[in-house]
There are 4 protein chains.
Amino acid sequence: MHYPARQPFATRWNDNDQYGHLNNTVYYEAMDTAINVWMIANGDLDPQGSAIAVCAASSCEFRASAAFPEPLEIGIGVERLGTSSITWALGIHRTDAAEPIATGRFVHVFVDAATRTPIPVPAGIRSAVEGRLLA
Amino acid sequence: MHYPARQPFATRWNDNDQYGHLNNTVYYEAMDTAINVWMIANGDLDPQGSAIAVCAASSCEFRASAAFPEPLEIGIGVERLGTSSITWALGIHRTDAAEPIATGRFVHVFVDAATRTPIPVPAGIRSAVEGRLLA
Amino acid sequence: MHYPARQPFATRWNDNDQYGHLNNTVYYEAMDTAINVWMIANGDLDPQGSAIAVCAASSCEFRASAAFPEPLEIGIGVERLGTSSITWALGIHRTDAAEPIATGRFVHVFVDAATRTPIPVPAGIRSAVEGRLLA
Amino acid sequence: MHYPARQPFATRWNDNDQYGHLNNTVYYEAMDTAINVWMIANGDLDPQGSAIAVCAASSCEFRASAAFPEPLEIGIGVERLGTSSITWALGIHRTDAAEPIATGRFVHVFVDAATRTPIPVPAGIRSAVEGRLLA
């Protein structure tokens with residue numbers, strides 16, 4: 001998988017669970033955060049606006065572990081750009097390594113904030129995905 | 001301290017940090033949750049309504065540790081009922097023990113959800129605090 | 001999918017994200033917690049013992065949303081019991097509803113706590129899965 | 001209060017609660033993380049070593065709110081360096097502001113990882129605190 005964008009992700013003391021490594025849920029926090037930061041910065045997503053992205057499905061495969069205080073980097077790509085949905089592909093990386101320690105997928109469906117019914121992917125986000133992640 | 005009300009608090013796998021006990025931040029999640037559940041159940045708090053409670057100050061003293069999968073109970077009392085604020089006193093207990101493993105304090109200030117300026121404690125919550133926690 | 005076991009899962013104030021519903025990562029906390037509670041109660045898993053279960057893959061499909069203070073119930077089943085791994089199937093339910101609001105999958109691989117190399121599923125857990133979830 | 005050291009703290013999507021701002025517990029995650037990163041980098045703290053720091057008390061006063069995706073900076077100072085304990089003073093800042101949006105205190109007691117009984121503050125950490133934070 002190719003990840004045209006990358007975002008840093010700082011770990012926290014309480015991300016490590018009893019087994020001394022990042023709990024599996026932290027990887028989902030990382031992916032969710034990276035995508036939203038990217039959409040806010042590049043596609044004018046306004047989390048308080050009328051178009052919001054809800055998670056319809058997500059998954060992650062864990063290949064190696066990491067631990068606080070290690071910083072991570074999240075690679076961001078797009079597998080599919082639909083009418084109302086985006087299927088993101090993500091790679092969680094150690095900062096000095098080419099191979100990801102985990103790979104994930106996140107399906108976002110855009111909905112109206114009030115009615116929660118599907119709406120088209122907002123134009124700013126569609127255009128950013130096409131220009132920067134699918135080009 | 002006297003806690004007229006008690007609420008269960010279930011622990012989660014990822015509450016335990018690297019040291020094998022509940023991370024200190026979990027106690028604040030427990031206190032915040034217990035107070036809000038109590039206000040919703042007894043004082044008609046509507047988290048989507050126009051009167052919301054924001055945290056102005058909080059504190060906790062930790063006397064003993066606990067760990068997932070241990071269930072906890074949160075004792076709830078009120079130290080001071082002001083015009084716009086409530087100072088809650090909380091005791092985190094093992095379910096079989098009289099002495100708390102931690103004691104905390106939470107100062108809530110009620111504000112208008114839109115303007116975020118202070119408003120009086122809503123009547124339903126004031127009446128519930130007076131009748132059930134301060135009587 | 002059939003879920004032979006069920007566990008309660010209490011939501012917390014801070015589980016609701018900016019969109020007023022449970023953040024997607026909370027569903028993974030719920031699944032991870034439910035499985036571990038089940039293994040501790042039924043299969044003598046000792047989180048401080050020499051055999052630990054690490055997450056090799058997980059996924060979730062979200063069909064409807066839920067929000068604090070709503071309590072949930074987690075249905076637990078097993079799709080596959082391997083030599084070193086268990087593939088769990090999970091259903092997140094409202095307490096009064098037969099249909100899950102989300103369904104998930106969690107692949108646990110048992111490893112030696114010190115070396116982190118795969119080991120057989122501990123006998124107590126294997127036997128509990130066979131007797132209670134696969135029977 | 002004077003904060004001789006500063007550490008960045010990145011916010012996450014799920015740090016914002018239902019009220020659209022960072023949940024109060026996130027400030028404690030930020031303080032805990034900043035202190036531990038500082039001790040690891042400057043005082044050779046090894047979270048898997050025999051001397052660990054447990055939280056005996058903490059508190060925070062909230063003056064203004066912040067929200068994801070805003071990055072924060074945590075000012076770190078020390079109020080008191082005892083035999084076994086350190087009382088940290090912390091200021092949570094917007095990156096472009098001199099005045100903190102919240103101020104906190106964290107009392108760490110060093111204990112033996114196995115027996116959990118108090119031990120002296122490790123020499124490397126004592127020396128770093130004296131040289132960099134109390135000088």
# chains A, B, ... in the order shown; residues from 1 in each chain; ligands from 1

call {"tool": "interface_residues", "arguments": {"of": "chain D", "to": "chain B", "cutoff": "6 Å", "atoms": "only C-alpha atoms", "output": "ChimeraX atom specification"}}
result
/D:56-62

call {"tool": "write_last_selection", "arguments": {"atoms": "N, CA, C and O atoms", "output": "PDB file, in the first residue's frame"}}
result
ATOM      1  N   ALA D  56       0.273  10.112  43.980  1.00  0.00           N
ATOM      2  CA  ALA D  56      -0.344  10.130  45.308  1.00  0.00           C
ATOM      3  C   ALA D  56      -1.461  11.163  45.377  1.00  0.00           C
ATOM      4  O   ALA D  56      -2.376  11.045  46.188  1.00  0.00           O
ATOM      5  N   ALA D  57      -1.362  12.182  44.549  1.00  0.00           N
ATOM      6  CA  ALA D  57      -2.397  13.225  44.528  1.00  0.00           C
ATOM      7  C   ALA D  57      -2.235  14.015  43.241  1.00  0.00           C
ATOM      8  O   ALA D  57      -1.133  14.128  42.705  1.00  0.00           O
ATOM      9  N   SER D  58      -3.345  14.551  42.758  1.00  0.00           N
ATOM     10  CA  SER D  58      -3.271  15.426  41.588  1.00  0.00           C
ATOM     11  C   SER D  58      -4.435  16.401  41.644  1.00  0.00           C
ATOM     12  O   SER D  58      -5.422  16.167  42.349  1.00  0.00           O
ATOM     13  N   SER D  59      -4.281  17.499  40.919  1.00  0.00           N
ATOM     14  CA  SER D  59      -5.366  18.480  40.874  1.00  0.00           C
ATOM     15  C   SER D  59      -5.197  19.355  39.646  1.00  0.00           C
ATOM     16  O   SER D  59      -4.111  19.427  39.060  1.00  0.00           O
ATOM     17  N   CYS D  60      -6.273  19.995  39.248  1.00  0.00           N
ATOM     18  CA  CYS D  60      -6.219  20.876  38.091  1.00  0.00           C
ATOM     19  C   CYS D  60      -7.280  21.969  38.224  1.00  0.00           C
ATOM     20  O   CYS D  60      -8.398  21.700  38.676  1.00  0.00           O
ATOM     21  N   GLU D  61      -6.898  23.185  37.857  1.00  0.00           N
ATOM     22  CA  GLU D  61      -7.871  24.272  37.768  1.00  0.00           C
ATOM     23  C   GLU D  61      -7.972  24.679  36.309  1.00  0.00           C
ATOM     24  O   GLU D  61      -6.972  24.926  35.647  1.00  0.00           O
ATOM     25  N   PHE D  62      -9.217  24.745  35.831  1.00  0.00           N
ATOM     26  CA  PHE D  62      -9.490  24.970  34.422  1.00  0.00           C
ATOM     27  C   PHE D  62      -9.948  26.412  34.228  1.00  0.00           C
ATOM     28  O   PHE D  62     -10.966  26.818  34.794  1.00  0.00           O
TER      29      PHE D  62
END

call {"tool": "select_by_dssp", "arguments": {"residues": "region 9-123 of chain A", "states": "strand (DSSP E)", "output": "PyMOL selection string"}}
result
chain A and resi 9+51-62+72-81+85-94+102-112

call {"tool": "write_last_selection", "arguments": {"atoms": "N, CA and C atoms", "output": "tab-separated table (two decimals), in the first residue's frame"}}
result
chain	number	residue	atom	x	y	z
A	9	PHE	N	2.14	11.11	15.22
A	9	PHE	CA	1.22	10.75	16.29
A	9	PHE	C	2.04	10.50	17.55
A	51	ALA	N	-21.84	18.87	7.79
A	51	ALA	CA	-21.45	17.59	7.20
A	51	ALA	C	-20.43	16.92	8.11
A	52	ILE	N	-20.79	15.78	8.66
A	52	ILE	CA	-19.86	15.08	9.53
A	52	ILE	C	-19.61	13.68	9.00
A	53	ALA	N	-18.46	13.13	9.34
A	53	ALA	CA	-18.07	11.80	8.87
A	53	ALA	C	-18.19	10.83	10.03
A	54	VAL	N	-19.03	9.81	9.86
A	54	VAL	CA	-19.14	8.78	10.89
A	54	VAL	C	-18.48	7.50	10.40
A	55	CYS	N	-18.01	6.73	11.35
A	55	CYS	CA	-17.27	5.51	11.03
A	55	CYS	C	-18.26	4.36	10.80
A	56	ALA	N	-18.24	3.80	9.60
A	56	ALA	CA	-19.15	2.69	9.28
A	56	ALA	C	-18.47	1.34	9.49
A	57	ALA	N	-17.15	1.33	9.38
A	57	ALA	CA	-16.40	0.09	9.59
A	57	ALA	C	-14.93	0.46	9.78
A	58	SER	N	-14.23	-0.37	10.53
A	58	SER	CA	-12.79	-0.15	10.69
A	58	SER	C	-12.14	-1.49	10.98
A	59	SER	N	-10.84	-1.55	10.71
A	59	SER	CA	-10.11	-2.78	11.01
A	59	SER	C	-8.63	-2.46	11.13
A	60	CYS	N	-7.91	-3.35	11.78
A	60	CYS	CA	-6.47	-3.16	11.93
A	60	CYS	C	-5.78	-4.52	12.04
A	61	GLU	N	-4.63	-4.64	11.37
A	61	GLU	CA	-3.79	-5.82	11.55
A	61	GLU	C	-2.49	-5.38	12.23
A	62	PHE	N	-2.16	-6.07	13.29
A	62	PHE	CA	-1.02	-5.69	14.13
A	62	PHE	C	0.16	-6.62	13.85
A	72	LEU	N	5.02	7.95	16.81
A	72	LEU	CA	4.64	7.19	15.62
A	72	LEU	C	4.33	8.13	14.47
A	73	GLU	N	4.24	7.55	13.29
A	73	GLU	CA	3.78	8.31	12.13
A	73	GLU	C	2.69	7.51	11.44
A	74	ILE	N	1.66	8.21	11.02
A	74	ILE	CA	0.52	7.53	10.40
A	74	ILE	C	0.51	7.86	8.92
A	75	GLY	N	0.68	6.83	8.11
A	75	GLY	CA	0.57	6.99	6.67
A	75	GLY	C	-0.90	6.97	6.25
A	76	ILE	N	-1.27	7.88	5.36
A	76	ILE	CA	-2.67	8.01	4.96
A	76	ILE	C	-2.83	7.83	3.46
A	77	GLY	N	-3.70	6.93	3.08
A	77	GLY	CA	-4.04	6.74	1.68
A	77	GLY	C	-5.55	6.55	1.55
A	78	VAL	N	-6.02	6.47	0.33
A	78	VAL	CA	-7.44	6.22	0.10
A	78	VAL	C	-7.59	5.05	-0.85
A	79	GLU	N	-8.38	4.08	-0.47
A	79	GLU	CA	-8.63	2.90	-1.31
A	79	GLU	C	-9.79	3.12	-2.25
A	80	ARG	N	-10.79	3.85	-1.76
A	80	ARG	CA	-11.99	4.03	-2.57
A	80	ARG	C	-12.67	5.34	-2.18
A	81	LEU	N	-13.01	6.12	-3.18
A	81	LEU	CA	-13.74	7.37	-2.95
A	81	LEU	C	-15.11	7.19	-3.57
A	85	SER	N	-19.03	8.06	0.71
A	85	SER	CA	-18.09	7.41	1.62
A	85	SER	C	-16.65	7.48	1.13
A	86	ILE	N	-15.74	7.36	2.07
A	86	ILE	CA	-14.31	7.26	1.77
A	86	ILE	C	-13.78	6.05	2.52
A	87	THR	N	-13.06	5.18	1.81
A	87	THR	CA	-12.39	4.07	2.46
A	87	THR	C	-10.90	4.42	2.56
A	88	TRP	N	-10.49	4.74	3.78
A	88	TRP	CA	-9.11	5.14	4.02
A	88	TRP	C	-8.26	3.90	4.28
A	89	ALA	N	-7.00	3.96	3.85
A	89	ALA	CA	-6.03	2.92	4.19
A	89	ALA	C	-4.94	3.60	5.00
A	90	LEU	N	-4.55	2.96	6.08
A	90	LEU	CA	-3.61	3.61	6.99
A	90	LEU	C	-2.48	2.69	7.37
A	91	GLY	N	-1.31	3.26	7.54
A	91	GLY	CA	-0.16	2.49	7.99
A	91	GLY	C	0.44	3.15	9.22
A	92	ILE	N	0.56	2.42	10.30
A	92	ILE	CA	1.17	2.96	11.51
A	92	ILE	C	2.65	2.59	11.49
A	93	HIS	N	3.48	3.62	11.56
A	93	HIS	CA	4.92	3.42	11.40
A	93	HIS	C	5.71	3.91	12.60
A	94	ARG	N	6.79	3.21	12.91
A	94	ARG	CA	7.85	3.80	13.72
A	94	ARG	C	8.47	4.90	12.85
A	102	ALA	N	1.62	-1.69	11.87
A	102	ALA	CA	0.21	-2.07	11.78
A	102	ALA	C	-0.39	-1.40	10.55
A	103	THR	N	-1.37	-2.06	9.97
A	103	THR	CA	-2.08	-1.48	8.82
A	103	THR	C	-3.58	-1.52	9.11
A	104	GLY	N	-4.25	-0.48	8.71
A	104	GLY	CA	-5.67	-0.40	9.04
A	104	GLY	C	-6.51	0.15	7.91
A	105	ARG	N	-7.80	0.08	8.12
A	105	ARG	CA	-8.77	0.57	7.14
A	105	ARG	C	-9.90	1.24	7.92
A	106	PHE	N	-10.41	2.31	7.39
A	106	PHE	CA	-11.43	3.10	8.05
A	106	PHE	C	-12.44	3.52	6.99
A	107	VAL	N	-13.70	3.14	7.12
A	107	VAL	CA	-14.72	3.57	6.17
A	107	VAL	C	-15.53	4.69	6.81
A	108	HIS	N	-15.42	5.87	6.23
A	108	HIS	CA	-16.17	7.02	6.69
A	108	HIS	C	-17.38	7.22	5.78
A	109	VAL	N	-18.54	7.43	6.38
A	109	VAL	CA	-19.71	7.83	5.61
A	109	VAL	C	-20.08	9.24	6.05
A	110	PHE	N	-20.25	10.12	5.09
A	110	PHE	CA	-20.64	11.48	5.43
A	110	PHE	C	-22.14	11.56	5.62
A	111	VAL	N	-22.54	12.21	6.70
A	111	VAL	CA	-23.97	12.35	7.00
A	111	VAL	C	-24.25	13.80	7.40
A	112	ASP	N	-25.50	14.16	7.30
A	112	ASP	CA	-25.95	15.45	7.79
A	112	ASP	C	-25.92	15.42	9.31

call {"tool": "select_by_dssp", "arguments": {"residues": "chain C", "states": "helix (DSSP H, G or I)", "output": "JSON, numbers by chain"}}
result
{"C": [13, 14, 15, 24, 25, 26, 27, 28, 29, 30, 31, 32, 33, 34, 35, 36, 37, 38, 39, 40, 41, 42, 43, 123, 124, 125, 126, 127, 128, 129, 130, 131, 132, 133]}

call {"tool": "residues_around", "arguments": {"residues": "region 33-39 of chain D", "least_positions_apart": "5", "cutoff": "6 Å", "atoms": "only C-alpha atoms", "output": "PyMOL selection string"}}
result
(chain A and resi 12-13) or (chain D and resi 45)

call {"tool": "closest_residue", "arguments": {"among": "C:Ala123, C:Ala128, C:Ile101, C:Ile40", "to": "Thr83 (chain C)", "atoms": "only C-alpha atoms"}}
result
C:Ala123
